[in-house]
$ cat data-v9.cif   # mmCIF, C-alpha atoms
data_my_file
loop_
_atom_site.group_PDB
_atom_site.id
_atom_site.type_symbol
_atom_site.label_atom_id
_atom_site.label_comp_id
_atom_site.auth_asym_id
_atom_site.auth_seq_id
_atom_site.Cartn_x
_atom_site.Cartn_y
_atom_site.Cartn_z
ATOM 1 C CA MET G 114 21.434 5.075 -22.368
ATOM 2 C CA SER G 115 24.903 5.051 -23.947
ATOM 3 C CA LEU G 116 26.072 7.499 -26.615
ATOM 4 C CA PHE G 117 26.024 4.715 -29.203
ATOM 5 C CA GLY G 118 22.460 3.877 -28.133
ATOM 6 C CA GLU G 119 21.406 7.493 -28.609
ATOM 7 C CA ILE G 120 22.955 7.490 -32.082
ATOM 8 C CA ILE G 121 21.176 4.284 -33.093
ATOM 9 C CA GLY G 122 17.887 5.611 -31.706
ATOM 10 C CA GLN G 123 17.998 8.753 -33.898
ATOM 11 C CA PRO G 124 17.886 7.913 -37.634
ATOM 12 C CA GLN G 125 19.121 11.327 -38.835
ATOM 13 C CA ILE G 126 22.084 11.274 -36.493
ATOM 14 C CA GLY G 127 22.770 7.665 -37.385
ATOM 15 C CA VAL G 128 23.082 8.622 -41.057
ATOM 16 C CA LEU G 129 25.372 11.518 -40.156
ATOM 17 C CA PHE G 130 27.499 9.224 -38.018
ATOM 18 C CA PHE G 131 27.817 6.785 -40.928
ATOM 19 C CA LEU G 132 28.831 9.556 -43.352
ATOM 20 C CA VAL G 133 31.383 10.901 -40.859
ATOM 21 C CA CYS G 134 32.968 7.453 -40.570
ATOM 22 C CA ILE G 135 33.199 7.135 -44.363
ATOM 23 C CA GLY G 136 34.670 10.638 -44.671
ATOM 24 C CA LEU G 137 37.292 9.955 -42.037
ATOM 25 C CA GLY G 138 38.256 6.704 -43.757
ATOM 26 C CA ILE G 139 38.706 8.458 -47.099
ATOM 27 C CA LEU G 140 40.664 11.282 -45.456
ATOM 28 C CA VAL G 141 43.101 8.936 -43.760
ATOM 29 C CA ALA G 142 43.480 6.798 -46.896
ATOM 30 C CA MET G 143 44.298 9.819 -49.039
ATOM 31 C CA ASN G 144 46.675 11.426 -46.581
ATOM 32 C CA PRO G 145 48.000 8.787 -44.153
ATOM 33 C CA LYS G 146 51.085 10.857 -43.181
ATOM 34 C CA ASN G 147 49.155 13.884 -41.968
ATOM 35 C CA MET G 148 47.817 12.223 -38.818
ATOM 36 C CA VAL G 149 47.807 15.520 -36.878
ATOM 37 C CA LEU G 150 45.266 17.002 -39.280
ATOM 38 C CA SER G 151 43.231 13.807 -39.181
ATOM 39 C CA SER G 152 43.105 13.812 -35.370
ATOM 40 C CA ARG G 153 41.926 17.430 -35.304
ATOM 41 C CA VAL G 154 39.210 16.680 -37.806
ATOM 42 C CA VAL G 155 38.142 13.680 -35.756
ATOM 43 C CA GLU G 156 37.905 15.791 -32.595
ATOM 44 C CA SER G 157 35.876 18.499 -34.336
ATOM 45 C CA LEU G 158 33.456 16.082 -35.932
ATOM 46 C CA ALA G 159 33.093 14.122 -32.694
ATOM 47 C CA PHE G 160 32.207 17.338 -30.854
ATOM 48 C CA ILE G 161 29.598 18.240 -33.459
ATOM 49 C CA LEU G 162 28.121 14.753 -33.325
ATOM 50 C CA LEU G 163 27.938 14.805 -29.519
ATOM 51 C CA TRP G 164 26.222 18.189 -29.594
ATOM 52 C CA LEU G 165 23.621 16.898 -32.039
ATOM 53 C CA VAL G 166 22.912 13.865 -29.838
ATOM 54 C CA LEU G 167 22.507 15.956 -26.698
ATOM 55 C CA HIS G 168 20.362 18.512 -28.495
ATOM 56 C CA SER G 169 18.128 15.774 -29.863
ATOM 57 C CA SER G 170 17.793 14.187 -26.415
ATOM 58 C CA PHE G 171 16.929 17.527 -24.838
ATOM 59 C CA CYS G 172 14.210 18.239 -27.396
ATOM 60 C CA HIS G 173 12.774 14.795 -26.804
ATOM 61 C CA GLY G 174 12.844 15.427 -23.054
ATOM 62 C CA VAL G 175 10.953 18.724 -23.458
ATOM 63 C CA GLN G 176 8.208 17.001 -25.452
ATOM 64 C CA SER G 177 7.970 14.222 -22.885
ATOM 65 C CA ASP G 178 7.415 16.831 -20.150
ATOM 66 C CA ILE G 179 4.619 18.419 -22.171
ATOM 67 C CA ASP G 180 3.054 14.973 -22.639
ATOM 68 C CA CYS G 181 3.459 14.397 -18.897
ATOM 69 C CA LEU G 182 1.411 17.471 -17.969
ATOM 70 C CA LYS G 183 -1.209 16.736 -20.644
ATOM 71 C CA SER G 184 -1.679 13.262 -19.202
ATOM 72 C CA ILE G 185 -2.012 14.592 -15.662
ATOM 73 C CA LYS G 186 -4.613 17.140 -16.688
ATOM 74 C CA ASP G 187 -6.652 14.585 -18.667
ATOM 75 C CA SER G 188 -6.658 12.054 -15.822
ATOM 76 C CA LEU G 189 -7.997 14.352 -13.095
ATOM 77 C CA GLU G 190 -11.314 15.965 -12.195
ATOM 78 C CA ASP G 191 -10.656 19.681 -11.804
ATOM 79 C CA GLN G 192 -13.781 20.995 -10.090
ATOM 80 C CA PHE G 193 -12.294 24.430 -9.317
ATOM 81 C CA ASN G 194 -10.693 24.821 -12.785
ATOM 82 C CA TYR G 195 -7.202 25.457 -11.505
ATOM 83 C CA LEU G 196 -5.719 23.366 -14.302
ATOM 84 C CA ASN G 197 -8.319 24.077 -16.962
ATOM 85 C CA SER G 198 -7.801 27.834 -16.636
ATOM 86 C CA SER G 199 -3.999 27.741 -16.567
ATOM 87 C CA TRP G 200 -2.738 24.658 -18.371
ATOM 88 C CA ASN G 201 -3.183 25.773 -21.979
ATOM 89 C CA PHE G 202 -1.271 23.580 -24.414
ATOM 90 C CA ASN G 203 -2.094 25.661 -27.503
ATOM 91 C CA ASN G 204 0.871 27.916 -26.775
ATOM 92 C CA ASN G 205 4.023 26.886 -28.653
ATOM 93 C CA THR G 206 6.462 29.404 -27.190
ATOM 94 C CA GLU G 207 9.593 28.107 -25.501
ATOM 95 C CA GLY G 208 9.051 27.344 -21.826
ATOM 96 C CA PHE G 209 5.282 27.959 -21.930
ATOM 97 C CA ILE G 210 4.530 25.091 -19.527
ATOM 98 C CA CYS G 211 6.722 26.754 -16.906
ATOM 99 C CA LYS G 212 4.000 29.374 -16.483
ATOM 100 C CA PHE G 213 1.380 26.759 -15.575
ATOM 101 C CA THR G 214 -0.075 26.887 -12.074
ATOM 102 C CA GLY G 215 1.829 24.511 -9.803
ATOM 103 C CA VAL G 216 4.646 23.825 -12.287
ATOM 104 C CA GLU G 217 8.265 24.767 -11.694
ATOM 105 C CA CYS G 218 10.966 24.287 -14.329
ATOM 106 C CA TRP G 219 14.713 23.969 -14.240
ATOM 107 C CA HIS G 220 14.840 27.243 -16.185
ATOM 108 C CA PRO G 221 11.917 29.610 -16.894
ATOM 109 C CA ASP G 222 12.562 29.474 -20.632
ATOM 110 C CA GLU G 223 12.980 25.716 -20.914
ATOM 111 C CA SER G 224 10.114 23.231 -20.761
ATOM 112 C CA LYS G 225 11.866 20.870 -18.379
ATOM 113 C CA VAL G 226 9.732 20.246 -15.281
ATOM 114 C CA LEU G 227 11.475 20.322 -11.915
ATOM 115 C CA ASN G 228 8.558 20.329 -9.431
ATOM 116 C CA ILE G 229 4.816 19.765 -9.614
ATOM 117 C CA LYS G 230 2.920 21.344 -6.701
ATOM 118 C CA LEU G 231 -0.827 20.787 -6.871
ATOM 119 C CA ALA G 232 -1.705 21.014 -3.170
ATOM 120 C CA ALA G 233 -5.237 21.970 -2.070
ATOM 121 C CA MET G 234 -6.743 22.350 -5.542
ATOM 122 C CA GLY G 235 -9.726 20.044 -5.062
ATOM 123 C CA LEU G 236 -8.363 17.603 -7.633
ATOM 124 C CA LYS G 237 -9.864 14.129 -7.796
ATOM 125 C CA GLY G 238 -8.559 10.969 -9.385
ATOM 126 C CA GLN G 239 -6.069 8.163 -9.024
ATOM 127 C CA PHE G 240 -2.316 8.562 -8.890
ATOM 128 C CA PRO G 241 -1.416 10.074 -12.304
ATOM 129 C CA ILE G 242 0.520 7.434 -14.231
ATOM 130 C CA GLY G 243 1.594 10.011 -16.809
ATOM 131 C CA ILE G 244 3.925 11.514 -14.215
ATOM 132 C CA GLN G 245 6.573 9.091 -15.450
ATOM 133 C CA ASN G 246 7.035 11.248 -18.560
ATOM 134 C CA CYS G 247 8.391 14.085 -16.408
ATOM 135 C CA THR G 248 11.771 12.410 -16.441
ATOM 136 C CA SER G 249 13.653 15.062 -14.429
ATOM 137 C CA LEU G 250 11.063 15.572 -11.694
ATOM 138 C CA THR G 251 12.487 16.121 -8.201
ATOM 139 C CA GLY G 252 9.375 17.198 -6.293
ATOM 140 C CA LEU G 253 5.729 16.067 -6.295
ATOM 141 C CA ASP G 254 3.070 17.534 -3.998
ATOM 142 C CA LEU G 255 -0.492 16.210 -4.346
ATOM 143 C CA SER G 256 -1.512 16.905 -0.738
ATOM 144 C CA ASN G 257 -4.939 18.065 0.458
ATOM 145 C CA ASN G 258 -6.899 16.829 -2.529
ATOM 146 C CA LYS G 259 -9.253 13.930 -3.257
ATOM 147 C CA PHE G 260 -6.895 11.400 -4.751
ATOM 148 C CA TYR G 261 -7.897 7.780 -4.171
ATOM 149 C CA GLY G 262 -6.834 4.242 -4.986
ATOM 150 C CA SER G 263 -3.448 2.664 -4.466
ATOM 151 C CA ILE G 264 0.050 3.957 -5.150
ATOM 152 C CA PRO G 265 1.598 2.135 -8.143
ATOM 153 C CA GLU G 266 3.986 -0.618 -7.111
ATOM 154 C CA ASN G 267 6.573 0.620 -9.626
ATOM 155 C CA ILE G 268 6.519 4.202 -8.350
ATOM 156 C CA SER G 269 10.302 4.209 -7.997
ATOM 157 C CA ARG G 270 10.592 3.808 -11.775
ATOM 158 C CA MET G 271 8.079 6.569 -12.397
ATOM 159 C CA ILE G 272 9.769 9.215 -10.237
ATOM 160 C CA PRO G 273 13.320 7.920 -9.656
ATOM 161 C CA PHE G 274 14.892 11.316 -8.848
ATOM 162 C CA VAL G 275 12.226 12.703 -6.532
ATOM 163 C CA THR G 276 13.489 14.289 -3.315
ATOM 164 C CA THR G 277 10.113 15.375 -1.932
ATOM 165 C CA LEU G 278 6.922 13.310 -2.179
ATOM 166 C CA ASP G 279 3.831 14.614 -0.393
ATOM 167 C CA LEU G 280 0.641 12.548 -0.770
ATOM 168 C CA SER G 281 -0.856 13.536 2.585
ATOM 169 C CA SER G 282 -4.516 14.356 3.268
ATOM 170 C CA ASN G 283 -6.096 12.354 0.466
ATOM 171 C CA ASN G 284 -8.014 9.071 0.235
ATOM 172 C CA PHE G 285 -5.199 6.824 -0.933
ATOM 173 C CA SER G 286 -5.629 3.204 0.188
ATOM 174 C CA GLY G 287 -3.991 -0.179 -0.074
ATOM 175 C CA SER G 288 -0.447 -0.930 0.997
ATOM 176 C CA ILE G 289 2.587 1.339 0.906
ATOM 177 C CA PRO G 290 4.815 0.039 -1.934
ATOM 178 C CA LYS G 291 8.088 -1.549 -0.855
ATOM 179 C CA LEU G 292 9.757 -0.157 -3.966
ATOM 180 C CA LEU G 293 9.503 3.344 -2.514
ATOM 181 C CA SER G 294 12.773 2.379 -0.876
ATOM 182 C CA ASN G 295 14.351 2.582 -4.345
ATOM 183 C CA CYS G 296 13.648 6.328 -4.459
ATOM 184 C CA THR G 297 17.068 6.835 -2.918
ATOM 185 C CA TYR G 298 17.065 10.653 -3.238
ATOM 186 C CA LEU G 299 14.031 11.081 -0.977
ATOM 187 C CA ASN G 300 14.420 13.687 1.751
ATOM 188 C CA VAL G 301 10.739 14.141 2.588
ATOM 189 C CA LEU G 302 7.998 11.470 2.445
ATOM 190 C CA LYS G 303 4.526 12.393 3.687
ATOM 191 C CA LEU G 304 1.788 9.753 3.605
ATOM 192 C CA ASP G 305 -0.321 10.871 6.591
ATOM 193 C CA HIS G 306 -4.107 11.303 6.669
ATOM 194 C CA ASN G 307 -4.988 8.611 4.140
ATOM 195 C CA ARG G 308 -6.394 5.083 4.379
ATOM 196 C CA PHE G 309 -3.261 3.013 3.917
ATOM 197 C CA THR G 310 -3.369 -0.499 5.410
ATOM 198 C CA GLY G 311 -0.879 -3.224 6.211
ATOM 199 C CA GLN G 312 2.668 -2.703 7.389
ATOM 200 C CA ILE G 313 4.992 0.197 6.681
ATOM 201 C CA PRO G 314 7.725 -1.461 4.574
ATOM 202 C CA LEU G 315 10.789 -2.003 6.729
ATOM 203 C CA GLU G 316 12.847 -1.305 3.598
ATOM 204 C CA LEU G 317 12.064 2.409 3.953
ATOM 205 C CA GLY G 318 14.599 2.450 6.764
ATOM 206 C CA GLN G 319 17.282 2.058 4.085
ATOM 207 C CA LEU G 320 16.609 5.575 2.742
ATOM 208 C CA SER G 321 19.810 7.258 3.858
ATOM 209 C CA ARG G 322 18.867 10.801 2.789
ATOM 210 C CA ILE G 323 15.406 10.972 4.353
ATOM 211 C CA LYS G 324 14.920 13.671 6.988
ATOM 212 C CA GLU G 325 11.138 13.772 7.348
ATOM 213 C CA PHE G 326 8.594 10.956 7.320
ATOM 214 C CA SER G 327 4.951 10.854 8.340
ATOM 215 C CA ALA G 328 2.362 8.088 8.163
ATOM 216 C CA ALA G 329 0.013 9.310 10.902
ATOM 217 C CA ASN G 330 -3.757 8.844 10.719
ATOM 218 C CA ASN G 331 -3.928 5.737 8.574
ATOM 219 C CA LEU G 332 -4.935 2.109 9.222
ATOM 220 C CA LEU G 333 -1.427 0.722 9.469
ATOM 221 C CA THR G 334 -0.275 -2.206 11.606
ATOM 222 C CA GLY G 335 2.879 -4.073 12.562
ATOM 223 C CA GLN G 336 6.524 -3.254 13.110
ATOM 224 C CA VAL G 337 7.707 0.220 12.051
ATOM 225 C CA PRO G 338 10.981 0.776 10.150
ATOM 226 C CA LYS G 339 14.185 1.836 11.821
ATOM 227 C CA PHE G 340 15.089 5.141 10.201
ATOM 228 C CA GLN G 341 18.513 6.709 10.239
ATOM 229 C CA PHE G 342 17.229 10.017 11.618
ATOM 230 C CA ALA G 343 15.459 11.067 14.814
ATOM 231 C CA ILE G 344 11.798 10.350 14.060
ATOM 232 C CA THR G 345 9.066 11.131 16.608
ATOM 233 C CA ALA G 346 6.007 9.161 17.680
ATOM 234 C CA GLN G 347 3.789 11.815 16.093
ATOM 235 C CA SER G 348 4.836 10.493 12.703
ATOM 236 C CA TYR G 349 2.882 7.303 13.518
ATOM 237 C CA ALA G 350 -0.012 8.807 15.526
ATOM 238 C CA ASN G 351 -3.511 7.304 15.278
ATOM 239 C CA ASN G 352 -2.394 3.967 13.889
ATOM 240 C CA PRO G 353 -3.301 1.718 16.864
ATOM 241 C CA GLY G 354 -1.743 -1.348 15.248
ATOM 242 C CA LEU G 355 1.790 0.038 14.882
ATOM 243 C CA CYS G 356 4.543 -1.010 17.258
ATOM 244 C CA GLY G 357 8.293 -1.199 17.750
ATOM 245 C CA GLU G 358 11.200 1.265 17.837
ATOM 246 C CA ILE G 359 9.935 4.489 19.511
ATOM 247 C CA LEU G 360 6.426 3.017 19.947
ATOM 248 C CA ASP G 361 5.258 0.289 22.320
ATOM 249 C CA PRO G 362 7.043 -3.044 21.861
ATOM 250 C CA CYS G 363 5.404 -5.447 19.474
ATOM 251 C CA GLU G 364 3.637 -8.210 21.387
ATOM 252 C CA GLU G 365 4.938 -11.723 20.946
ATOM 253 C CA THR G 366 3.148 -14.907 21.980
ATOM 254 C CA PRO G 367 4.747 -16.056 25.296
ATOM 255 C CA LYS G 368 6.536 -19.418 25.235
ATOM 256 C CA LYS G 369 4.260 -20.761 27.983
ATOM 257 C CA ASN G 370 1.170 -19.922 26.006
ATOM 258 C CA ARG G 371 2.655 -21.486 22.903
ATOM 259 C CA THR G 372 3.289 -24.706 24.872
ATOM 260 C CA VAL G 373 -0.296 -24.733 26.136
ATOM 261 C CA ILE G 374 -1.561 -24.230 22.610
ATOM 262 C CA ILE G 375 0.577 -27.097 21.313
ATOM 263 C CA VAL G 376 -0.525 -29.467 24.122
ATOM 264 C CA ALA G 377 -4.168 -28.508 23.694
ATOM 265 C CA SER G 378 -3.907 -29.111 19.963
ATOM 266 C CA ALA G 379 -2.337 -32.534 20.564
ATOM 267 C CA VAL G 380 -5.014 -33.537 23.087
ATOM 268 C CA GLY G 381 -7.721 -32.358 20.755
ATOM 269 C CA GLY G 382 -6.224 -34.377 17.926
ATOM 270 C CA VAL G 383 -6.033 -37.553 20.032
ATOM 271 C CA THR G 384 -9.606 -37.072 21.264
ATOM 272 C CA PHE G 385 -10.871 -36.637 17.749
ATOM 273 C CA ALA G 386 -8.996 -39.750 16.608
ATOM 274 C CA ALA G 387 -10.454 -41.793 19.493
ATOM 275 C CA LEU G 388 -13.973 -40.667 18.690
ATOM 276 C CA ALA G 389 -13.436 -41.519 15.048
ATOM 277 C CA VAL G 390 -12.220 -45.017 15.963
ATOM 278 C CA GLY G 391 -15.173 -45.500 18.341
ATOM 279 C CA VAL G 392 -17.680 -44.510 15.686
ATOM 280 C CA ALA G 393 -15.994 -46.828 13.190
ATOM 281 C CA LEU G 394 -16.087 -49.796 15.615
ATOM 282 C CA ALA G 395 -19.736 -49.173 16.510
ATOM 283 C CA PHE G 396 -20.607 -49.101 12.846
ATOM 284 C CA PHE G 397 -18.639 -52.322 12.272
ATOM 285 C CA PHE G 398 -20.334 -54.275 15.098
ATOM 286 C CA ARG G 399 -23.725 -53.055 14.034
ATOM 287 C CA ARG G 400 -23.126 -54.396 10.548
ATOM 288 C CA VAL G 401 -22.041 -57.775 12.000
ATOM 289 C CA ALA G 402 -25.235 -57.987 14.062
ATOM 290 C CA VAL G 403 -27.393 -57.182 11.075
ATOM 291 C CA ARG G 404 -25.615 -59.819 9.011
ATOM 292 C CA LYS G 405 -26.232 -62.508 11.660
ATOM 293 C CA LYS G 406 -29.862 -61.615 11.762
ATOM 294 C CA GLU G 407 -30.075 -61.916 7.997
ATOM 295 C CA ASP G 408 -28.455 -65.402 8.192
ATOM 296 C CA ASP G 409 -30.933 -66.573 10.908
ATOM 297 C CA PRO G 410 -34.123 -64.632 10.270
ATOM 298 C CA GLU G 411 -36.271 -66.908 12.601
ATOM 299 C CA GLY G 412 -34.058 -66.160 15.555
ATOM 300 C CA ASN G 413 -31.965 -69.130 16.857
ATOM 301 C CA LYS G 414 -34.187 -71.841 15.310
ATOM 302 C CA TRP G 415 -31.439 -74.429 15.741
ATOM 303 C CA ALA G 416 -31.435 -73.902 19.520
ATOM 304 C CA ARG G 417 -35.172 -74.494 19.803
ATOM 305 C CA SER G 418 -34.893 -77.620 17.610
ATOM 306 C CA LEU G 419 -32.212 -79.020 19.865
ATOM 307 C CA LYS G 420 -34.332 -78.378 22.945
ATOM 308 C CA GLY G 421 -37.316 -80.198 21.336
ATOM 309 C CA THR G 422 -35.159 -83.245 20.525
ATOM 310 C CA LYS G 423 -34.029 -83.542 24.148
ATOM 311 C CA ALA G 424 -37.626 -83.394 25.319
ATOM 312 C CA ILE G 425 -38.645 -86.333 23.051
ATOM 313 C CA LYS G 426 -35.801 -88.503 24.270
ATOM 314 C CA ALA G 427 -36.730 -87.867 27.890
ATOM 315 C CA SER G 428 -40.284 -89.014 27.374
#
$ encode --input "data-v9.cif" --output "structure tokens"
Amino acid sequence: MSLFGEIIGQPQIGVLFFLVCIGLGILVAMNPKNMVLSSRVVESLAFILLWLVLHSSFCHGVQSDIDCLKSIKDSLEDQFNYLNSSWNFNNNTEGFICKFTGVECWHPDESKVLNIKLAAMGLKGQFPIGIQNCTSLTGLDLSNNKFYGSIPENISRMIPFVTTLDLSSNNFSGSIPKLLSNCTYLNVLKLDHNRFTGQIPLELGQLSRIKEFSAANNLLTGQVPKFQFAITAQSYANNPGLCGEILDPCEETPKKNRTVIIVASAVGGVTFAALAVGVALAFFFRRVAVRKKEDDPEGNKWARSLKGTKAIKAS
């Protein structure tokens, strides 16, 4: 967001900005020759205004991080009480969330979340949507839990600055979102030991910073991405449907077989058409025969009458 946007978004600062503009106008109008003094005043007031904007944004960011962790806690089943015993939001001291289990902050005394590491805590639930409120998050580890369901398609908007994402050893399912490729800071992406299906998005090969990737032990199929680092086959292990790159070549239908299929389809189509025409003709002739019978219900009476007439003349 631009500086002007921040000013407009904060009513108190907007009022201050308006008053500063009026004051500067009056100052210049009253003393137009002393431009040196005016420029110094402008610089000082601009510095103060910028500091207020940044301070306001930081406070808002801290609150958003608190809301982020509250949302995560409320959305998960915590059978071993790791979160319930540690994540106490009744404390109002500066940086109190930085003492939560699994939470790392940019600075111990500032409530700005850097990493969330909740591995092997027996947590159960779907991917926590509230994670998007941790706007400065660079690391997320949910491995070895009981998370299920699909990964949100817009995950790149939820955690745009993440460098490490570990969702391994859970029960996640569905497809791997293509928009993960927009998480351009990713260095580590672990999706192994889940129930993901479909193809690994080829777009993941565009991640220029990635150094570690694993999608082993899923239900994935199709062509694998071409990464810009030396990946091993173990990263794809136990996905019988994967192929390409360092794995077995993807099978393509041979041209000869395709020709046979096309010819067979053509022959089948012609045969079906011929049978359809034959059935139609049989039906047509049958209707003609029935109509003749209806016109001559006594069966060729005119022929018998003609034969009787010839017999009379002969006698």
$ residues_near_point --input "data-v9.cif" --point "(6.8, 27.2, -18.3)" --cutoff "10 Å" --atoms "only C-alpha atoms" --output "VMD selection string"
chain G and resid 179 200 206 to 214 216 to 226
$ resolve_selection --input "data-v9.cif" --expression "the PyMOL selection byres ((chain G and resi 187) around 12)" --output "PyMOL selection string"
chain G and resi 180-186+188-191+196-197+200+202+236-239+241-244
$ atom_distance --input "data-v9.cif" --atom1 "atom CA of Asn267 of chain G" --atom2 "atom CA of Lys230 of chain G"
21.2 Å
$ closest_residue --input "data-v9.cif" --among "G:Gln245, G:Asn205, G:Arg322, G:Gly252" --to "Ile229 of chain G" --atoms "only C-alpha atoms"
G:Gly252
$ resolve_selection --input "data-v9.cif" --expression "the PyMOL selection byres ((chain G and resi 251) around 10)" --output "ChimeraX atom specification"
/G:226-229,247-250,252-253,272-278,298-299
$ residues_around --input "data-v9.cif" --residues "Leu333 of chain G" --least-positions-apart "5" --cutoff "6 Å" --atoms "only C-alpha atoms" --output "ChimeraX atom specification"
/G:310-312,352
$ resolve_selection --input "data-v9.cif" --expression "the PyMOL selection byres ((chain G and resi 269) around 6)" --output "number ranges by chain"
G: 267-268, 270-273, 292-293, 295-296
$ atom_distance --input "data-v9.cif" --atom1 "atom CA of Gln347 of chain G" --atom2 "atom CA of Leu302 of chain G"
14.3 Å
$ closest_residue --input "data-v9.cif" --among "G:Ser199, G:Thr334, G:Ser256, G:Asn204" --to "Leu360 of chain G" --atoms "all atoms listed in the file"
G:Thr334
$ atom_distance --input "data-v9.cif" --atom1 "atom CA of Asp305 of chain G" --atom2 "atom CA of Phe193 of chain G"
24.1 Å
$ residues_around --input "data-v9.cif" --residues "Gly354 of chain G" --least-positions-apart "4" --cutoff "12 Å" --atoms "only C-alpha atoms" --output "PDB file with C-alpha atoms, in the coordinates of the input"
ATOM      1  CA  THR G 310      -3.369  -0.499   5.410  1.00  0.00           C
ATOM      2  CA  GLY G 311      -0.879  -3.224   6.211  1.00  0.00           C
ATOM      3  CA  GLN G 312       2.668  -2.703   7.389  1.00  0.00           C
ATOM      4  CA  ILE G 313       4.992   0.197   6.681  1.00  0.00           C
ATOM      5  CA  ALA G 329       0.013   9.310  10.902  1.00  0.00           C
ATOM      6  CA  ASN G 330      -3.757   8.844  10.719  1.00  0.00           C
ATOM      7  CA  ASN G 331      -3.928   5.737   8.574  1.00  0.00           C
ATOM      8  CA  LEU G 332      -4.935   2.109   9.222  1.00  0.00           C
ATOM      9  CA  LEU G 333      -1.427   0.722   9.469  1.00  0.00           C
ATOM     10  CA  THR G 334      -0.275  -2.206  11.606  1.00  0.00           C
ATOM     11  CA  GLY G 335       2.879  -4.073  12.562  1.00  0.00           C
ATOM     12  CA  GLN G 336       6.524  -3.254  13.110  1.00  0.00           C
ATOM     13  CA  VAL G 337       7.707   0.220  12.051  1.00  0.00           C
ATOM     14  CA  TYR G 349       2.882   7.303  13.518  1.00  0.00           C
ATOM     15  CA  ALA G 350      -0.012   8.807  15.526  1.00  0.00           C
ATOM     16  CA  LEU G 360       6.426   3.017  19.947  1.00  0.00           C
ATOM     17  CA  ASP G 361       5.258   0.289  22.320  1.00  0.00           C
ATOM     18  CA  PRO G 362       7.043  -3.044  21.861  1.00  0.00           C
ATOM     19  CA  CYS G 363       5.404  -5.447  19.474  1.00  0.00           C
ATOM     20  CA  GLU G 364       3.637  -8.210  21.387  1.00  0.00           C
TER      21      GLU G 364
END
